Amino acid sequence: MTTRDTVLLSSHDFQRPSPTPRRHRSRSSVSSRSLSSKRSPSPIIAFSPTPISPDSKGVKNITRKVIKTLEGLGHLDSTDMDEQEYESDEKCDISEATEVEAVLNGAARPREMPGGDVASKKTDWEIPRKLLHSSIGFGTVYLYVANGDVKTVVVLLWTALAIIVPADILRLRSPGFERIYERCLGFLMRESEKKTTNGVIWYILGVNFVLTFYPLDVATVAVLILSWADTAASTFGRLYGSRTRPLPPRTPILRLPLAPRKSFAGFIAAVITGAAIAFCFWGFVAPVRNDLTWTWDNGVLASPSTPASILPALGITGSGLAGAGGFLGLGAISVVAGFVSGVAEALDLGSLDDNLTLPIISGGCIFGFLKFLGLFSAPT
């Protein structure tokens, strides 16, 4: 037992011995006794475990009295512990106990730096990666306006993929090549991608899929959503995600799983950006070409793959939605494109990369909605 241990003594186990008359000793006997390491037999003191009272101050007062009593009996050296040292140790124990209690209760304050600033995790804005991500959208718009050949773009992307995939496999298997690869292109990669497949592979696969299987205007909107809506969601999620509540585990409709790391701020940014992309593209950019799925004047245009109108089956002889053209049709398409962008960007599909799933899901949903509008439109 050390001098700082807290103990309780039962009154029936410890009795202070009665004082004995002092004896006058010679100086020689006192000096000889101080040099000797032997001491008189110590009285046996029994300590019984007693429940500690919640009053910690009373416990410490009793401990002090016990220590002083033992000092008086000669069993402890009073020179090793003075009152000031005990008080400082007591304050340290109290502060440590308070800190431990705060941590256990979840109320510990953030660690403060010497200058008084609270230490916080530095946000990685991924600026080079986002610049590349967004620049692809501007290049897509340029190719669309300049009447670029879709087949040529697809062939170029497949050619790039034929070079990137072997290089990525070699990067994962050769430490030497990995160091060279990351020295040149590591600034465009996330930390999670350095031990797995590079995200640019999924990006190219997603873009080639929509360019191959969707109409050109729908595929272009899907690529713009991947380029700009995903970037907006990531940026605003880092800026304001901590100030907004996280997304629910599943969507209210269809119960689709949502990623727990996604924030409400990022979701709203993706919704607004996706709606703005659809509105601006079909309202101002798309009319430069003729092969469109939707136009301002005629709405959803009939094509060999467009199913026949269901208006006659419903007993409607009028024009119905008249192709869902004009501001009403464009507004409906924009709203759907916005919510589809937000949900597709926030989906949790396991190990599937959102660079692959975002353009495929958003483009497919928009194309399906256009087909749905065509069902309620009489042929022109």
# chains A, B, ... in the order shown; residues from 1 in each chain; ligands from 1

call {"tool": "select_by_dssp", "arguments": {"residues": "stretch 111-335 of chain A", "states": "helix (DSSP H, G or I)", "output": "PyMOL selection string"}}
result
chain A and resi 127-145+150-173+175-188+191-193+199-213+216-243+264-288+312-314+322-324+326-335

call {"tool": "residues_around", "arguments": {"residues": "A:Val154", "least_positions_apart": "2", "cutoff": "9 Å", "atoms": "only C-alpha atoms", "output": "PyMOL selection string"}}
result
chain A and resi 149-152+156-159+207-208+211-212

call {"tool": "write_last_selection", "arguments": {"atoms": "N, CA, C and O atoms", "output": "compact mmCIF listing (two decimals), in the first residue's frame"}}
result
# COMPACT_ATOMS: atom_id res chain seq x y z
N ASP A 149 -18.54 13.26 -84.07
CA ASP A 149 -19.03 11.92 -84.37
C ASP A 149 -18.98 11.07 -83.10
O ASP A 149 -17.91 10.91 -82.48
N VAL A 150 -20.11 10.51 -82.73
CA VAL A 150 -20.19 9.72 -81.50
C VAL A 150 -19.35 8.47 -81.61
O VAL A 150 -18.66 8.07 -80.65
N LYS A 151 -19.37 7.81 -82.75
CA LYS A 151 -18.61 6.58 -82.93
C LYS A 151 -17.12 6.83 -82.78
O LYS A 151 -16.39 6.01 -82.20
N THR A 152 -16.66 7.96 -83.26
CA THR A 152 -15.24 8.28 -83.11
C THR A 152 -14.87 8.48 -81.65
O THR A 152 -13.81 8.03 -81.19
N LEU A 156 -12.16 6.21 -79.48
CA LEU A 156 -11.04 6.83 -78.76
C LEU A 156 -11.06 6.45 -77.28
O LEU A 156 -10.00 6.19 -76.68
N LEU A 157 -12.23 6.41 -76.69
CA LEU A 157 -12.33 6.04 -75.27
C LEU A 157 -11.95 4.58 -75.05
O LEU A 157 -11.28 4.24 -74.07
N TRP A 158 -12.37 3.68 -75.97
CA TRP A 158 -11.98 2.28 -75.86
C TRP A 158 -10.47 2.12 -76.03
O TRP A 158 -9.84 1.29 -75.36
N THR A 159 -9.88 2.91 -76.91
CA THR A 159 -8.43 2.86 -77.09
C THR A 159 -7.69 3.31 -75.83
O THR A 159 -6.70 2.69 -75.42
N VAL A 207 -19.28 6.23 -69.43
CA VAL A 207 -19.50 7.12 -70.56
C VAL A 207 -19.74 6.32 -71.84
O VAL A 207 -20.66 6.63 -72.62
N ASN A 208 -18.94 5.31 -72.09
CA ASN A 208 -19.13 4.50 -73.29
C ASN A 208 -20.46 3.77 -73.29
O ASN A 208 -21.07 3.57 -74.35
N LEU A 211 -23.17 6.36 -74.28
CA LEU A 211 -23.03 6.78 -75.68
C LEU A 211 -23.42 5.67 -76.65
O LEU A 211 -23.80 5.95 -77.79
N THR A 212 -23.34 4.43 -76.18
CA THR A 212 -23.66 3.30 -77.06
C THR A 212 -25.13 2.94 -77.04
O THR A 212 -25.72 2.62 -78.10

call {"tool": "residues_around", "arguments": {"residues": "A:Ala219", "least_positions_apart": "3", "cutoff": "12 Å", "atoms": "only C-alpha atoms", "output": "PyMOL selection string"}}
result
chain A and resi 137+140-141+144+150+206-216+222-226+278+281+286+292-293+358-367

call {"tool": "residues_around", "arguments": {"residues": "A:Arg261", "least_positions_apart": "3", "cutoff": "9 Å", "atoms": "only C-alpha atoms", "output": "list of chain:residue names"}}
result
A:Pro246, A:Leu247, A:Leu258, A:Ala346

call {"tool": "write_last_selection", "arguments": {"atoms": "all heavy atoms", "output": "PDB file, in the first residue's frame"}}
result
ATOM      1  N   PRO A 246     -27.515  13.913 -41.920  1.00  0.00           N
ATOM      2  CA  PRO A 246     -27.201  12.910 -42.951  1.00  0.00           C
ATOM      3  C   PRO A 246     -28.463  12.385 -43.614  1.00  0.00           C
ATOM      4  O   PRO A 246     -29.576  12.551 -43.103  1.00  0.00           O
ATOM      5  CB  PRO A 246     -26.483  11.809 -42.161  1.00  0.00           C
ATOM      6  CG  PRO A 246     -27.005  11.954 -40.765  1.00  0.00           C
ATOM      7  CD  PRO A 246     -27.244  13.428 -40.558  1.00  0.00           C
ATOM      8  N   LEU A 247     -28.294  11.757 -44.746  1.00  0.00           N
ATOM      9  CA  LEU A 247     -29.428  11.186 -45.458  1.00  0.00           C
ATOM     10  C   LEU A 247     -29.949   9.957 -44.722  1.00  0.00           C
ATOM     11  O   LEU A 247     -29.201   9.286 -44.005  1.00  0.00           O
ATOM     12  CB  LEU A 247     -29.008  10.800 -46.879  1.00  0.00           C
ATOM     13  CG  LEU A 247     -28.623  11.949 -47.807  1.00  0.00           C
ATOM     14  CD1 LEU A 247     -28.164  11.399 -49.154  1.00  0.00           C
ATOM     15  CD2 LEU A 247     -29.780  12.911 -48.006  1.00  0.00           C
ATOM     16  N   LEU A 258     -29.142   4.138 -49.355  1.00  0.00           N
ATOM     17  CA  LEU A 258     -28.337   5.348 -49.523  1.00  0.00           C
ATOM     18  C   LEU A 258     -27.047   5.221 -48.719  1.00  0.00           C
ATOM     19  O   LEU A 258     -27.033   4.633 -47.641  1.00  0.00           O
ATOM     20  CB  LEU A 258     -29.114   6.590 -49.076  1.00  0.00           C
ATOM     21  CG  LEU A 258     -30.426   6.872 -49.816  1.00  0.00           C
ATOM     22  CD1 LEU A 258     -31.104   8.104 -49.225  1.00  0.00           C
ATOM     23  CD2 LEU A 258     -30.186   7.064 -51.312  1.00  0.00           C
ATOM     24  N   ALA A 346     -26.287   9.470 -54.558  1.00  0.00           N
ATOM     25  CA  ALA A 346     -26.234   9.076 -53.147  1.00  0.00           C
ATOM     26  C   ALA A 346     -26.463   7.591 -52.918  1.00  0.00           C
ATOM     27  O   ALA A 346     -26.386   7.139 -51.779  1.00  0.00           O
ATOM     28  CB  ALA A 346     -27.280   9.868 -52.353  1.00  0.00           C
TER      29      ALA A 346
END

call {"tool": "residues_around", "arguments": {"residues": "stretch 171-187 of chain A", "least_positions_apart": "4", "cutoff": "8 Å", "atoms": "only C-alpha atoms", "output": "VMD selection string"}}
result
chain A and resid 128 to 129 167 195 to 196

call {"tool": "atom_distance", "arguments": {"atom1": "atom CA of A:Glu126", "atom2": "atom CA of A:Cys280"}}
result
27.1 Å

call {"tool": "residues_around", "arguments": {"residues": "stretch 248-253 of chain A", "least_positions_apart": "6", "cutoff": "12 Å", "atoms": "only C-alpha atoms", "output": "PDB file with N, CA and C atoms, in the first residue's frame"}}
result
ATOM      1  N   ALA A 259     -25.976   5.774 -49.263  1.00  0.00           N
ATOM      2  CA  ALA A 259     -24.674   5.689 -48.601  1.00  0.00           C
ATOM      3  C   ALA A 259     -24.693   6.496 -47.302  1.00  0.00           C
ATOM      4  N   PRO A 260     -24.222   5.937 -46.188  1.00  0.00           N
ATOM      5  CA  PRO A 260     -24.248   6.679 -44.915  1.00  0.00           C
ATOM      6  C   PRO A 260     -23.329   7.882 -44.884  1.00  0.00           C
ATOM      7  N   ARG A 261     -22.318   7.914 -45.759  1.00  0.00           N
ATOM      8  CA  ARG A 261     -21.383   9.046 -45.754  1.00  0.00           C
ATOM      9  C   ARG A 261     -21.923  10.263 -46.490  1.00  0.00           C
ATOM     10  N   LYS A 262     -23.030  10.102 -47.223  1.00  0.00           N
ATOM     11  CA  LYS A 262     -23.594  11.214 -47.989  1.00  0.00           C
ATOM     12  C   LYS A 262     -24.371  12.145 -47.069  1.00  0.00           C
ATOM     13  N   SER A 263     -24.327  13.441 -47.394  1.00  0.00           N
ATOM     14  CA  SER A 263     -25.005  14.448 -46.582  1.00  0.00           C
ATOM     15  C   SER A 263     -26.176  15.046 -47.344  1.00  0.00           C
ATOM     16  N   PHE A 264     -27.041  15.710 -46.587  1.00  0.00           N
ATOM     17  CA  PHE A 264     -28.195  16.369 -47.192  1.00  0.00           C
ATOM     18  C   PHE A 264     -27.749  17.546 -48.058  1.00  0.00           C
ATOM     19  N   PHE A 267     -26.701  16.164 -51.380  1.00  0.00           N
ATOM     20  CA  PHE A 267     -27.880  15.705 -52.127  1.00  0.00           C
ATOM     21  C   PHE A 267     -28.594  16.881 -52.786  1.00  0.00           C
ATOM     22  N   PHE A 339     -34.041  15.139 -59.379  1.00  0.00           N
ATOM     23  CA  PHE A 339     -34.179  14.144 -58.321  1.00  0.00           C
ATOM     24  C   PHE A 339     -33.461  12.850 -58.662  1.00  0.00           C
ATOM     25  N   VAL A 340     -33.469  12.485 -59.937  1.00  0.00           N
ATOM     26  CA  VAL A 340     -32.732  11.288 -60.351  1.00  0.00           C
ATOM     27  C   VAL A 340     -31.239  11.485 -60.110  1.00  0.00           C
ATOM     28  N   GLY A 342     -29.777  13.437 -57.835  1.00  0.00           N
ATOM     29  CA  GLY A 342     -29.495  13.388 -56.404  1.00  0.00           C
ATOM     30  C   GLY A 342     -29.534  11.983 -55.841  1.00  0.00           C
ATOM     31  N   VAL A 343     -30.545  11.208 -56.216  1.00  0.00           N
ATOM     32  CA  VAL A 343     -30.673   9.848 -55.694  1.00  0.00           C
ATOM     33  C   VAL A 343     -29.576   8.942 -56.251  1.00  0.00           C
ATOM     34  N   ALA A 344     -29.316   9.038 -57.564  1.00  0.00           N
ATOM     35  CA  ALA A 344     -28.292   8.186 -58.166  1.00  0.00           C
ATOM     36  C   ALA A 344     -26.909   8.473 -57.603  1.00  0.00           C
ATOM     37  N   ALA A 346     -26.287   9.470 -54.558  1.00  0.00           N
ATOM     38  CA  ALA A 346     -26.234   9.076 -53.147  1.00  0.00           C
ATOM     39  C   ALA A 346     -26.463   7.591 -52.918  1.00  0.00           C
ATOM     40  N   LEU A 347     -26.731   6.833 -53.962  1.00  0.00           N
ATOM     41  CA  LEU A 347     -27.018   5.407 -53.797  1.00  0.00           C
ATOM     42  C   LEU A 347     -25.809   4.656 -53.256  1.00  0.00           C
ATOM     43  N   ASP A 348     -26.095   3.673 -52.437  1.00  0.00           N
ATOM     44  CA  ASP A 348     -25.061   2.784 -51.908  1.00  0.00           C
ATOM     45  C   ASP A 348     -25.227   1.429 -52.576  1.00  0.00           C
ATOM     46  N   LEU A 349     -24.423   1.158 -53.574  1.00  0.00           N
ATOM     47  CA  LEU A 349     -24.517  -0.086 -54.341  1.00  0.00           C
ATOM     48  C   LEU A 349     -23.319  -0.990 -54.087  1.00  0.00           C
TER      49      LEU A 349
END

call {"tool": "residues_around", "arguments": {"residues": "stretch 321-335 of chain A", "least_positions_apart": "6", "cutoff": "7 Å", "atoms": "only C-alpha atoms", "output": "list in words"}}
result
Ala275, Ala276, Ala278, Phe279, Thr295, Trp296, Asp297, Asn298, Gly299, Val300, Leu373, Gly374, Phe376, Ser377 and Ala378 of chain A

call {"tool": "atom_distance", "arguments": {"atom1": "atom CA of A:Leu370", "atom2": "atom CA of A:His133"}}
result
27.3 Å

call {"tool": "atom_distance", "arguments": {"atom1": "atom CA of A:Val165", "atom2": "atom CA of A:Ile201"}}
result
7.1 Å

call {"tool": "closest_residue", "arguments": {"among": "A:Leu239, A:Ile127, A:Ala146, A:Ile164", "to": "A:Ala269", "atoms": "only C-alpha atoms"}}
result
A:Leu239
